[in-house]
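Source file: query23.tsv; contents: TSV, C-alpha atoms.
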chain	number	residue	atom	x	y	z
A	1253	MET	CA	7.16	9.74	41.58
A	1254	ALA	CA	7.26	8.71	37.94
A	1255	THR	CA	4.41	10.61	36.33
A	1256	SER	CA	3.52	10.56	32.68
A	1257	ALA	CA	5.30	13.91	32.33
A	1258	ASN	CA	8.49	12.18	33.46
A	1259	TYR	CA	7.95	9.43	30.94
A	1260	PHE	CA	7.60	12.09	28.26
A	1261	ASP	CA	10.86	13.69	29.41
A	1262	GLN	CA	12.53	10.27	29.31
A	1263	LEU	CA	11.15	9.73	25.81
A	1264	ARG	CA	12.58	13.07	24.69
A	1265	LYS	CA	16.01	12.01	25.88
A	1266	THR	CA	16.02	8.77	23.87
A	1267	ARG	CA	18.30	8.40	20.87
A	1268	VAL	CA	15.38	7.93	18.48
A	1269	TRP	CA	13.67	11.14	19.64
A	1270	ARG	CA	16.93	13.11	19.48
A	1271	SER	CA	17.58	11.86	15.96
A	1272	ILE	CA	14.24	13.45	14.97
A	1273	PHE	CA	14.21	16.63	17.08
A	1274	ARG	CA	17.60	18.22	17.65
A	1275	SER	CA	16.60	20.91	20.17
A	1276	GLY	CA	16.78	18.57	23.14
A	1277	THR	CA	15.16	18.88	26.53
A	1278	GLY	CA	15.35	21.64	29.06
A	1279	ALA	CA	13.29	24.32	30.72
A	1280	SER	CA	15.53	27.22	29.72
A	1281	THR	CA	14.40	30.05	27.46
A	1282	LEU	CA	17.05	28.93	25.00
A	1283	HIS	CA	15.51	25.47	24.70
A	1284	ARG	CA	12.01	26.88	24.39
A	1285	SER	CA	13.02	29.23	21.62
A	1286	LEU	CA	14.99	26.47	19.86
A	1287	VAL	CA	11.86	24.30	19.69
A	1288	ILE	CA	10.03	27.03	17.77
A	1289	GLN	CA	12.95	28.27	15.73
A	1290	GLN	CA	13.81	24.82	14.45
A	1291	ASP	CA	10.33	23.89	13.21
A	1292	VAL	CA	9.74	22.51	9.76
A	1293	PHE	CA	8.13	25.52	8.10
A	1294	LEU	CA	11.09	27.81	8.82
A	1295	HIS	CA	13.57	25.26	7.52
A	1296	LEU	CA	12.47	23.89	4.18
A	1297	PHE	CA	15.41	25.69	2.61
A	1298	PRO	CA	18.93	26.13	3.97
A	1299	THR	CA	20.20	29.50	5.22
A	1300	LYS	CA	23.26	29.13	3.04
A	1301	VAL	CA	24.54	26.82	0.35
A	1302	ARG	CA	28.23	26.18	-0.25
A	1303	ARG	CA	29.28	26.43	-3.85
A	1304	ARG	CA	30.82	22.96	-3.91
A	1305	MET	CA	27.53	21.45	-2.74
A	1306	LEU	CA	26.04	22.54	-6.05
A	1307	ASN	CA	28.57	20.52	-8.05
A	1308	VAL	CA	26.91	17.74	-10.02
A	1309	GLY	CA	29.22	15.12	-8.55
A	1310	VAL	CA	28.03	15.69	-4.97
A	1311	THR	CA	24.43	14.53	-5.48
A	1312	TRP	CA	23.93	14.12	-9.25
A	1313	TYR	CA	20.85	16.25	-8.37
A	1314	LEU	CA	18.93	12.98	-7.92
A	1315	GLY	CA	16.76	14.23	-5.05
A	1316	SER	CA	15.89	17.47	-6.84
A	1317	LEU	CA	15.11	15.56	-10.04
A	1318	THR	CA	12.83	13.22	-8.07
A	1319	PHE	CA	11.01	16.21	-6.61
A	1320	GLY	CA	10.81	17.71	-10.11
A	1321	THR	CA	9.05	14.61	-11.46
A	1322	PHE	CA	6.72	14.75	-8.44
A	1323	LEU	CA	5.75	18.35	-9.33
A	1324	ILE	CA	5.13	17.33	-12.96
A	1325	LEU	CA	2.98	14.44	-11.73
A	1326	VAL	CA	0.90	16.69	-9.46
A	1327	THR	CA	0.34	19.24	-12.25
A	1328	THR	CA	-0.51	16.76	-15.00
A	1329	GLY	CA	-2.51	14.64	-12.55
A	1330	ILE	CA	-4.76	17.55	-11.58
A	1331	LEU	CA	-5.35	18.31	-15.27
A	1332	LEU	CA	-6.17	14.65	-16.04
A	1333	MET	CA	-8.70	14.67	-13.18
A	1334	LEU	CA	-10.76	17.24	-15.10
A	1335	TYR	CA	-11.70	14.61	-17.73
A	1336	TYR	CA	-11.64	11.38	-15.72
A	1337	HIS	CA	-14.64	9.81	-13.92
A	1338	PRO	CA	-13.71	7.03	-11.49
A	1339	SER	CA	-16.75	4.89	-12.34
A	1340	VAL	CA	-16.79	1.45	-13.90
A	1341	PRO	CA	-18.17	1.89	-17.37
A	1342	GLN	CA	-16.85	5.45	-17.72
A	1343	ALA	CA	-13.21	5.17	-16.60
A	1344	TYR	CA	-11.96	3.23	-19.62
A	1345	ALA	CA	-13.88	5.44	-22.06
A	1346	ASP	CA	-12.47	8.56	-20.37
A	1347	THR	CA	-8.95	7.19	-20.69
A	1348	LYS	CA	-9.54	6.63	-24.41
A	1349	ASP	CA	-11.08	10.13	-24.71
A	1350	LEU	CA	-8.02	11.60	-23.01
A	1351	GLN	CA	-5.86	9.88	-25.57
A	1352	PHE	CA	-7.83	10.54	-28.75
A	1353	VAL	CA	-10.37	13.31	-28.17
A	1354	VAL	CA	-9.16	15.80	-25.55
A	1355	SER	CA	-6.77	18.43	-26.93
A	1356	SER	CA	-3.27	17.72	-25.59
A	1357	GLY	CA	-4.79	14.82	-23.63
A	1358	MET	CA	-2.37	12.32	-25.14
A	1359	PHE	CA	0.55	14.59	-24.23
A	1360	LEU	CA	-0.63	15.04	-20.63
A	1361	ARG	CA	-1.36	11.35	-20.11
A	1362	ASN	CA	1.99	10.29	-21.51
A	1363	LEU	CA	3.79	12.97	-19.51
A	1364	HIS	CA	2.08	11.65	-16.38
A	1365	ARG	CA	2.97	8.06	-17.22
A	1366	TRP	CA	6.60	8.66	-18.16
A	1367	SER	CA	7.16	10.96	-15.17
A	1368	ALA	CA	5.79	8.21	-12.95
A	1369	HIS	CA	8.29	5.73	-14.38
A	1370	ALA	CA	11.07	8.32	-14.08
A	1371	MET	CA	10.16	9.06	-10.48
A	1372	VAL	CA	10.40	5.40	-9.45
A	1373	PHE	CA	13.75	5.12	-11.24
A	1374	LEU	CA	15.07	8.36	-9.70
A	1375	VAL	CA	13.96	7.39	-6.19
A	1376	PHE	CA	15.99	4.18	-6.47
A	1377	ALA	CA	18.95	6.00	-8.00
A	1378	HIS	CA	18.79	8.58	-5.20
A	1379	MET	CA	18.73	5.84	-2.57
A	1380	PHE	CA	21.66	3.98	-4.15
A	1381	LYS	CA	23.67	7.19	-4.30
A	1382	VAL	CA	22.92	8.00	-0.65
A	1383	PHE	CA	23.66	4.42	0.38
A	1384	TYR	CA	26.96	3.98	-1.44
A	1385	ARG	CA	28.26	7.38	-0.32
A	1386	GLY	CA	27.35	6.53	3.26
A	1387	ALA	CA	25.19	9.64	3.57
A	1388	TYR	CA	22.58	7.66	5.54
A	1389	ARG	CA	24.86	7.39	8.60
A	1390	PRO	CA	24.31	9.42	11.80
A	1391	PRO	CA	23.35	12.18	12.17
A	1392	ARG	CA	21.27	11.55	9.02
A	1393	GLU	CA	19.76	8.21	10.08
A	1394	PHE	CA	16.26	9.63	10.59
A	1395	ASN	CA	16.22	11.15	7.11
A	1396	TRP	CA	17.05	7.73	5.67
A	1397	VAL	CA	13.96	6.36	7.46
A	1398	ILE	CA	11.87	9.18	5.94
A	1399	GLY	CA	13.39	8.26	2.58
A	1400	VAL	CA	12.27	4.65	2.93
A	1401	ILE	CA	8.74	5.87	3.75
A	1402	LEU	CA	8.83	8.07	0.64
A	1403	LEU	CA	9.96	5.07	-1.44
A	1404	LEU	CA	6.94	3.09	-0.20
A	1405	ILE	CA	4.59	6.02	-0.94
A	1406	THR	CA	6.07	6.30	-4.46
A	1407	LEU	CA	5.49	2.59	-5.09
A	1408	LEU	CA	1.94	2.78	-3.69
A	1409	LEU	CA	1.21	5.81	-5.93
A	1410	SER	CA	2.42	3.78	-8.93
A	1411	TYR	CA	0.32	0.79	-7.92
A	1412	THR	CA	-2.90	2.73	-7.27
A	1413	GLY	CA	-2.50	4.72	-10.49
A	1414	TYR	CA	-2.15	1.48	-12.43
A	1415	LEU	CA	-5.82	0.54	-11.89
A	1416	LEU	CA	-7.31	3.83	-13.04
A	1417	PRO	CA	-7.32	3.24	-16.86
A	1418	TRP	CA	-9.61	0.26	-16.08
A	1419	ASP	CA	-8.29	-1.89	-18.94
A	1420	GLN	CA	-7.40	-5.60	-18.89
A	1421	LEU	CA	-3.82	-4.92	-17.80
A	1422	ALA	CA	-5.01	-2.74	-14.90
A	1423	TYR	CA	-7.72	-5.17	-13.82
A	1424	TRP	CA	-5.49	-8.25	-13.67
A	1425	ALA	CA	-2.52	-6.40	-12.20
A	1426	ILE	CA	-4.67	-5.21	-9.29
A	1427	THR	CA	-6.29	-8.66	-8.97
A	1428	VAL	CA	-2.85	-10.25	-8.63
A	1429	GLY	CA	-1.47	-7.45	-6.43
A	1430	SER	CA	-4.39	-7.46	-4.00
A	1431	ASN	CA	-4.25	-11.27	-3.79
A	1432	ILE	CA	-0.60	-10.92	-2.74
A	1433	ALA	CA	-1.86	-8.69	0.11
A	1434	SER	CA	-4.21	-11.48	1.25
A	1435	ALA	CA	-1.18	-13.74	1.74
A	1436	VAL	CA	-0.32	-11.76	4.90
A	1437	PRO	CA	-0.83	-14.08	7.90
A	1438	LEU	CA	-4.03	-13.63	9.98
A	1439	VAL	CA	-5.12	-10.22	8.68
A	1440	GLY	CA	-4.45	-10.82	4.96
A	1441	ASP	CA	-8.07	-11.42	3.91
A	1442	LYS	CA	-9.25	-8.39	5.91
A	1443	VAL	CA	-6.59	-6.18	4.31
A	1444	HIS	CA	-7.67	-7.47	0.88
A	1445	PHE	CA	-11.33	-6.72	1.67
A	1446	LEU	CA	-10.61	-3.22	3.02
A	1447	LEU	CA	-8.27	-2.35	0.13
A	1448	LEU	CA	-10.82	-3.32	-2.52
A	1449	GLY	CA	-13.93	-2.33	-0.56
A	1450	GLY	CA	-15.32	-5.77	-1.45
A	1451	ASN	CA	-14.28	-9.23	-2.59
A	1452	LEU	CA	-13.70	-8.36	-6.25
A	1453	VAL	CA	-11.86	-5.65	-8.16
A	1454	ASN	CA	-15.00	-3.67	-8.86
A	1455	ALA	CA	-16.57	-0.19	-8.63
A	1456	ASN	CA	-15.62	0.16	-4.94
A	1457	ALA	CA	-12.01	-0.79	-5.62
A	1458	LEU	CA	-11.76	1.72	-8.47
A	1459	LEU	CA	-13.12	4.51	-6.27
A	1460	ARG	CA	-10.85	3.59	-3.35
A	1461	PHE	CA	-7.78	3.48	-5.56
A	1462	TYR	CA	-8.79	6.83	-7.10
A	1463	VAL	CA	-9.10	8.51	-3.70
A	1464	LEU	CA	-5.82	6.96	-2.54
A	1465	HIS	CA	-4.07	7.98	-5.76
A	1466	CYS	CA	-5.38	11.54	-6.01
A	1467	MET	CA	-5.78	12.61	-2.36
A	1468	ILE	CA	-4.44	10.46	0.45
A	1469	LEU	CA	-1.10	9.34	-0.97
A	1470	PRO	CA	-0.08	12.70	-2.56
A	1471	LEU	CA	-0.89	14.58	0.67
A	1472	THR	CA	1.08	12.02	2.68
A	1473	ALA	CA	3.94	12.36	0.20
A	1474	ILE	CA	3.96	16.18	0.51
A	1475	PHE	CA	4.02	15.86	4.30
A	1476	PHE	CA	7.02	13.53	4.28
A	1477	ILE	CA	8.81	15.48	1.51
A	1478	ALA	CA	8.59	18.58	3.74
A	1479	ILE	CA	10.11	16.63	6.64
A	1480	HIS	CA	12.75	15.21	4.28
A	1481	PHE	CA	13.86	18.72	3.21
A	1482	TRP	CA	13.75	20.02	6.78
A	1483	ARG	CA	16.00	17.17	7.93
A	1484	ILE	CA	18.63	17.97	5.28
A	1485	ARG	CA	19.10	21.38	6.87
A	1486	LYS	CA	18.81	20.18	10.47
A	1487	ASP	CA	21.36	17.42	9.88
A	1488	GLY	CA	23.93	19.92	8.68
A	1489	GLY	CA	23.21	20.24	4.96
A	1490	LEU	CA	24.03	17.92	2.11
A	1491	TYR	CA	26.55	15.21	2.78
A	1492	VAL	CA	29.97	15.52	1.23
A	1493	HIS	CA	32.62	12.96	2.02
A	1494	GLY	CA	34.76	14.27	4.86
A	1495	SER	CA	32.44	17.17	5.67
A	1496	ASP	CA	30.75	15.27	8.44
A	1497	PRO	CA	31.94	16.69	11.80
A	1498	SER	CA	31.82	13.33	13.59
A	1499	ALA	CA	33.73	11.63	10.76
A	1500	SER	CA	36.43	14.33	10.69
A	1501	THR	CA	36.86	14.36	14.47
A	1502	SER	CA	37.13	10.59	14.64
A	1503	SER	CA	39.73	10.54	11.87
A	1504	ALA	CA	41.56	13.42	13.57
A	1505	ALA	CA	41.46	11.48	16.83
A	1506	LYS	CA	42.97	8.52	15.05
A	1507	GLU	CA	45.77	10.67	13.69
A	1508	VAL	CA	46.52	12.07	17.16
A	1509	ARG	CA	46.74	8.55	18.51
B	451	MET	CA	9.65	0.70	62.70
B	452	PRO	CA	6.25	-0.75	61.71
B	453	GLU	CA	4.68	2.69	61.98
B	454	GLU	CA	7.21	4.20	59.62
B	455	LYS	CA	6.57	1.48	57.04
B	456	LYS	CA	2.86	2.19	57.15
B	457	THR	CA	3.27	5.89	56.40
B	458	GLU	CA	5.59	5.07	53.52
B	459	GLU	CA	2.94	2.81	52.01
B	460	GLN	CA	0.34	5.51	52.42
B	461	GLU	CA	2.60	7.99	50.67
B	462	THR	CA	3.09	5.79	47.62
B	463	ARG	CA	-0.64	5.24	47.38
B	464	GLU	CA	-1.37	8.94	47.54
B	465	ILE	CA	-1.93	10.73	44.29
B	466	ASP	CA	-1.98	14.48	43.78
B	467	ARG	CA	-4.56	16.33	41.77
B	468	ARG	CA	-2.29	17.11	38.84
B	469	SER	CA	-1.21	13.54	38.18
B	470	PHE	CA	-4.82	12.40	38.64
B	471	PHE	CA	-5.96	14.71	35.86
B	472	VAL	CA	-3.00	13.73	33.68
B	473	LYS	CA	-3.98	10.08	34.09
B	474	LEU	CA	-7.62	10.91	33.48
B	475	GLY	CA	-6.72	12.85	30.35
B	476	LEU	CA	-4.39	10.19	28.95
B	477	GLY	CA	-6.92	7.50	29.85
B	478	SER	CA	-9.78	9.16	28.01
B	479	LEU	CA	-7.45	9.93	25.11
B	480	SER	CA	-6.54	6.26	24.76
B	481	ILE	CA	-10.19	5.22	24.99
B	482	ALA	CA	-11.03	7.76	22.28
B	483	THR	CA	-8.14	6.47	20.13
B	484	ALA	CA	-9.36	2.90	20.46
B	485	GLY	CA	-12.89	4.06	19.61
B	486	THR	CA	-11.60	5.90	16.54
B	487	ALA	CA	-9.80	2.76	15.37
B	488	VAL	CA	-12.99	0.72	15.69
B	489	PHE	CA	-15.00	3.44	13.94
B	490	ALA	CA	-12.44	3.66	11.12
B	491	TYR	CA	-12.44	-0.10	10.61
B	492	GLN	CA	-16.24	-0.25	10.51
B	493	PHE	CA	-16.47	2.74	8.19
B	494	LEU	CA	-13.95	1.25	5.76
B	495	SER	CA	-15.74	-2.14	5.61
B	496	PRO	CA	-18.71	-1.81	3.25
B	497	SER	CA	-21.92	-2.98	4.93
B	498	VAL	CA	-23.66	-3.69	1.63
B	499	LEU	CA	-21.93	-5.05	-1.46
B	500	TYR	CA	-23.36	-4.66	-4.95
B	501	GLU	CA	-21.43	-7.61	-6.32
B	502	PRO	CA	-22.89	-10.15	-8.77
B	503	SER	CA	-24.80	-13.08	-7.28
B	504	PRO	CA	-22.70	-16.21	-6.69
B	505	ILE	CA	-25.47	-18.34	-8.25
B	506	ILE	CA	-25.17	-18.74	-12.01
B	507	ASN	CA	-27.81	-20.02	-14.39
B	508	ALA	CA	-25.75	-21.89	-17.00
B	509	GLY	CA	-28.70	-22.73	-19.26
B	510	LYS	CA	-29.92	-26.10	-20.52
B	511	PRO	CA	-27.59	-29.12	-20.11
B	512	GLU	CA	-28.22	-30.00	-23.78
B	513	GLY	CA	-26.12	-26.95	-24.66
B	514	TYR	CA	-22.99	-28.73	-23.44
B	515	PRO	CA	-21.93	-31.66	-25.66
B	516	LEU	CA	-20.33	-34.75	-24.14
B	517	ASP	CA	-16.61	-34.33	-23.27
B	518	SER	CA	-16.80	-30.55	-23.61
B	519	VAL	CA	-15.21	-27.90	-21.35
B	520	THR	CA	-16.95	-24.52	-21.53
B	521	LEU	CA	-15.53	-21.38	-19.94
B	522	ASP	CA	-17.98	-18.69	-18.79
B	523	VAL	CA	-15.67	-15.66	-18.82
B	524	ASN	CA	-18.03	-13.34	-16.93
B	525	SER	CA	-18.64	-15.62	-13.98
B	526	GLY	CA	-15.22	-17.32	-13.97
B	527	ILE	CA	-16.44	-20.96	-14.08
B	528	TYR	CA	-16.03	-24.00	-16.29
B	529	ILE	CA	-19.03	-26.20	-17.11
B	530	ILE	CA	-17.68	-29.64	-17.92
B	531	HIS	CA	-19.72	-32.47	-19.39
B	532	ALA	CA	-17.78	-35.66	-18.67
B	533	LYS	CA	-18.82	-39.27	-19.21
B	534	GLU	CA	-19.72	-39.50	-15.50
B	535	GLY	CA	-21.92	-36.40	-15.68
B	536	PHE	CA	-21.78	-32.62	-15.30
B	537	PHE	CA	-19.54	-30.66	-12.96
B	538	SER	CA	-18.37	-27.10	-12.56
B	539	LEU	CA	-14.86	-25.89	-11.75
B	540	SER	CA	-13.70	-22.47	-10.67
B	541	ALA	CA	-11.77	-20.87	-13.52
B	542	VAL	CA	-9.97	-18.53	-11.10
B	543	CYS	CA	-6.39	-19.65	-10.48
B	544	THR	CA	-5.71	-20.52	-6.84
B	545	HIS	CA	-2.32	-18.78	-7.04
B	546	LEU	CA	-3.13	-15.06	-7.44
B	547	GLY	CA	-6.61	-14.97	-8.92
B	548	CYS	CA	-6.03	-14.78	-12.69
B	549	LEU	CA	-8.60	-16.23	-15.07
B	550	THR	CA	-7.37	-19.56	-16.45
B	551	ALA	CA	-8.08	-20.91	-19.96
B	552	TRP	CA	-8.95	-24.37	-21.31
B	553	LYS	CA	-6.41	-25.62	-23.85
B	554	PRO	CA	-8.35	-28.15	-25.98
B	555	GLU	CA	-5.27	-29.21	-27.95
B	556	LEU	CA	-3.46	-30.22	-24.72
B	557	GLY	CA	-6.54	-31.19	-22.71
B	558	ILE	CA	-5.46	-29.07	-19.74
B	559	VAL	CA	-6.41	-25.86	-17.94
B	560	ALA	CA	-3.59	-23.28	-18.03
B	561	CYS	CA	-3.13	-19.96	-16.24
B	562	PRO	CA	-1.62	-17.18	-18.39
B	563	CYS	CA	-0.14	-15.24	-15.44
B	564	HIS	CA	2.42	-17.53	-13.81
B	565	GLY	CA	2.11	-20.79	-15.74
B	566	SER	CA	0.09	-23.02	-13.41
B	567	LYS	CA	-1.44	-26.02	-15.19
B	568	PHE	CA	-4.39	-28.14	-14.05
B	569	ARG	CA	-6.08	-31.36	-15.18
B	570	ARG	CA	-9.68	-31.22	-16.33
B	571	ASP	CA	-10.82	-32.29	-12.86
B	572	GLY	CA	-8.99	-29.37	-11.24
B	573	GLU	CA	-5.93	-31.26	-9.93
B	574	LYS	CA	-2.68	-29.33	-10.31
B	575	ILE	CA	-0.14	-30.61	-12.81
B	576	GLU	CA	2.55	-27.98	-12.29
B	577	GLY	CA	3.16	-24.34	-11.42
B	578	PRO	CA	2.95	-22.13	-8.34
B	579	ALA	CA	-0.76	-22.71	-7.58
B	580	PRO	CA	-1.02	-23.97	-3.98
B	581	LYS	CA	-4.37	-25.75	-4.35
B	582	PRO	CA	-6.41	-27.53	-7.03
B	583	LEU	CA	-9.23	-25.63	-8.73
B	584	PRO	CA	-12.29	-26.11	-6.49
B	585	TRP	CA	-15.48	-27.85	-7.60
B	586	TYR	CA	-18.68	-25.84	-7.22
B	587	ARG	CA	-22.10	-27.14	-6.26
B	588	VAL	CA	-24.17	-27.91	-9.37
B	589	TRP	CA	-27.86	-28.77	-9.56
B	590	LEU	CA	-30.81	-28.67	-11.95
B	591	SER	CA	-33.42	-25.96	-11.42
B	592	ASP	CA	-37.15	-26.70	-11.64
B	593	GLU	CA	-37.08	-25.39	-15.21
B	594	GLY	CA	-34.33	-27.88	-16.06
B	595	ASP	CA	-31.50	-25.33	-16.17
B	596	LEU	CA	-27.99	-26.11	-14.91
B	597	MET	CA	-27.33	-24.03	-11.79
B	598	VAL	CA	-23.92	-23.35	-10.23
B	599	ASP	CA	-23.31	-21.88	-6.76
B	600	ARG	CA	-19.88	-20.21	-6.71
B	601	SER	CA	-20.04	-19.68	-2.94
B	602	THR	CA	-20.27	-23.43	-2.19
B	603	THR	CA	-17.41	-25.75	-3.01
B	604	VAL	CA	-17.91	-29.51	-2.94
B	605	ARG	CA	-15.52	-32.45	-2.83
B	606	SER	CA	-14.22	-33.42	-6.25
B	607	GLN	CA	-15.68	-36.31	-8.28
B	608	GLN	CA	-19.30	-35.38	-7.40
B	609	PHE	CA	-20.97	-35.46	-10.80
B	610	LEU	CA	-24.47	-34.35	-11.71
B	611	ARG	CA	-26.18	-36.97	-13.87
B	612	VAL	CA	-28.90	-35.61	-16.14

Rewrite the structure of this file - the entire thing - as structure tokens.
Amino acid sequence: MATSANYFDQLRKTRVWRSIFRSGTGASTLHRSLVIQQDVFLHLFPTKVRRRMLNVGVTWYLGSLTFGTFLILVTTGILLMLYYHPSVPQAYADTKDLQFVVSSGMFLRNLHRWSAHAMVFLVFAHMFKVFYRGAYRPPREFNWVIGVILLLITLLLSYTGYLLPWDQLAYWAITVGSNIASAVPLVGDKVHFLLLGGNLVNANALLRFYVLHCMILPLTAIFFIAIHFWRIRKDGGLYVHGSDPSASTSSAAKEVR
Amino acid sequence: MPEEKKTEEQETREIDRRSFFVKLGLGSLSIATAGTAVFAYQFLSPSVLYEPSPIINAGKPEGYPLDSVTLDVNSGIYIIHAKEGFFSLSAVCTHLGCLTAWKPELGIVACPCHGSKFRRDGEKIEGPAPKPLPWYRVWLSDEGDLMVDRSTTVRSQQFLRV
């Protein structure tokens, strides 16, 4: 009889599931211990790193640099939050205060802004590098998917942060951007209404974008970054051309033939 | 033969305790998930909005000279005094919601964002805007003020004669 437990077992045997969780199915002690031993918290960092993997040419350090800008953004962002009120008359004045009144406020705000630009640039550079080197191919296909999610989160963080200074540029950029969302068939107007918390870019929209920018999106980003790092190790470390076992065996097989 | 068939049918219909509870558990879980989705949607939709009223008091008609186009920046409307009478146009571009501007030297309405251009009666001349600028309902209040309702659009060429 096909019970739901069987369906779950079937699901665990699918290619998609196995590309995410490597331990596989089975009732043996080995499988049970593998499930625990391979979890994300024990695997953020690799057990070993080969010297040649640290060469600049392998990765150009693009992923690490992206993570570095993310850490700068979290640090400066938390400090900026100490002087910023997400309310309609106050937000613009606070932004000006941060620039001209708060000690080092100008430095922190500019650091936050330029790191944000750098992060978007580095994410794209990282993706191009991974794409053109073919490092997205199996067994790393799931980590590419995580990467695409992280790209979307980065862009959403940029977009939500854009409204917070509450100046003309911010107001009209979010007006235009949220109207693009309402072009989605059937649910577009609802999405627009939920995103802004109303029909206009107003106090509700500012508060929603603030919560998204400072809480929801960064926490989601941290979650997916952890999975991203975990997958690097679980998929056999950083990709170097020719180091991939499946690639080398297939080329060896060709040679034998 | 028929007897055997019957028992087979009975067997398939039988359900053991474990799978019953699994089904019960998964069933209640999916009901709870659906309930959570409904709750989340309702929570995220504001029940009360503190947005400005759609009805605008535009003041006395005498304040608008003949053949003038006046933009009210705060409410996003034009008050236009044409030869045929008064009318009000939305000043919000139908493309992506930017505030348009009246160009007196060209006699057109132009959007600064993506270059849509409109005639004074709202009809599109060029640009990405999908629709003409809508006409709003205009009437005179008991005090003789021009009133505009931004929530009610009317067919074009409906002028208010004062």

Nearby residues (all atoms listed in the file) at most 12 Å from His1337 in chain A, same-chain spacing under 2 positions excluded, as a list in words: Leu1332, Met1333, Leu1334, Tyr1335, Ser1339, Val1340, Pro1341, Gln1342, Ala1343, Tyr1344, Ala1345, Asp1346, Thr1347, Asp1349, Leu1350, Leu1416, Pro1417, Trp1418, Ala1455, Leu1458, Leu1459, Tyr1462 and Val1463 of chain A

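For chain A, the residues close to chain B, meaning within 8 Å and counting only C-alpha atoms, are Thr1255, Ser1256, Trp1424, Thr1427, Val1428, Gly1429, Asn1431, Ile1432, Phe1445, Leu1446, Gly1449, Gly1450, Leu1452 and Asn1454 of chain A.
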
Could those selected residues go to a file with C-alpha atoms, as a PDB file, keeping the file's coordinate frame?
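This went into out.pdb:
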ATOM      1  CA  THR A1255       4.410  10.610  36.330  1.00  0.00           C
ATOM      2  CA  SER A1256       3.520  10.560  32.680  1.00  0.00           C
ATOM      3  CA  TRP A1424      -5.490  -8.250 -13.670  1.00  0.00           C
ATOM      4  CA  THR A1427      -6.290  -8.660  -8.970  1.00  0.00           C
ATOM      5  CA  VAL A1428      -2.850 -10.250  -8.630  1.00  0.00           C
ATOM      6  CA  GLY A1429      -1.470  -7.450  -6.430  1.00  0.00           C
ATOM      7  CA  ASN A1431      -4.250 -11.270  -3.790  1.00  0.00           C
ATOM      8  CA  ILE A1432      -0.600 -10.920  -2.740  1.00  0.00           C
ATOM      9  CA  PHE A1445     -11.330  -6.720   1.670  1.00  0.00           C
ATOM     10  CA  LEU A1446     -10.610  -3.220   3.020  1.00  0.00           C
ATOM     11  CA  GLY A1449     -13.930  -2.330  -0.560  1.00  0.00           C
ATOM     12  CA  GLY A1450     -15.320  -5.770  -1.450  1.00  0.00           C
ATOM     13  CA  LEU A1452     -13.700  -8.360  -6.250  1.00  0.00           C
ATOM     14  CA  ASN A1454     -15.000  -3.670  -8.860  1.00  0.00           C
TER      15      ASN A1454
END

Radius query 6 Å about (-22.0, -39.2, -12.7), atoms used: only C-alpha atoms, as a count of residues only: 5

Separation of CA of Leu1415 in chain A from CA of Arg1460 in chain A, in Å and rounded to one decimal: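 Value for the CA of Leu1415 in chain A-CA of Arg1460 in chain A distance: 10.4 Å.
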
Ref. answer, residues at most 8 Å from (20.8, 25.9, 5.0) with all atoms listed in the file, as a PyMOL selection string: chain A and resi 1295+1297-1301+1485+1488-1489

Who sits within 9 Å of Lys533 in chain B, all atoms listed in the file, same chain under 2 positions skipped, as a list of chain:residue names: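 Residues near the query, excluding close chain neighbours: B:Leu516, B:Asp517, B:His531, B:Gly535, B:Phe536.
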
For CA of Glu512 in chain B and CA of Val542 in chain B, the interatomic separation in Å (one decimal):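 These atoms are spaced 25.0 Å apart.
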
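Going from CA of Thr550 in chain B over to CA of Pro562 in chain B, you cover 6.5 Å.
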
Contacts of Met1467 in chain A within 12 Å, only C-alpha atoms, excl. fewer than 5 positions in-chain, as a PyMOL selection string: chain A and resi 1326+1329-1330+1333+1409+1412-1413+1459-1462+1472-1474

Selection above as a file: C-alpha atoms, as a PDB file, in the coordinates of the input:
ATOM      1  CA  VAL A1326       0.900  16.690  -9.460  1.00  0.00           C
ATOM      2  CA  GLY A1329      -2.510  14.640 -12.550  1.00  0.00           C
ATOM      3  CA  ILE A1330      -4.760  17.550 -11.580  1.00  0.00           C
ATOM      4  CA  MET A1333      -8.700  14.670 -13.180  1.00  0.00           C
ATOM      5  CA  LEU A1409       1.210   5.810  -5.930  1.00  0.00           C
ATOM      6  CA  THR A1412      -2.900   2.730  -7.270  1.00  0.00           C
ATOM      7  CA  GLY A1413      -2.500   4.720 -10.490  1.00  0.00           C
ATOM      8  CA  LEU A1459     -13.120   4.510  -6.270  1.00  0.00           C
ATOM      9  CA  ARG A1460     -10.850   3.590  -3.350  1.00  0.00           C
ATOM     10  CA  PHE A1461      -7.780   3.480  -5.560  1.00  0.00           C
ATOM     11  CA  TYR A1462      -8.790   6.830  -7.100  1.00  0.00           C
ATOM     12  CA  THR A1472       1.080  12.020   2.680  1.00  0.00           C
ATOM     13  CA  ALA A1473       3.940  12.360   0.200  1.00  0.00           C
ATOM     14  CA  ILE A1474       3.960  16.180   0.510  1.00  0.00           C
TER      15      ILE A1474
END
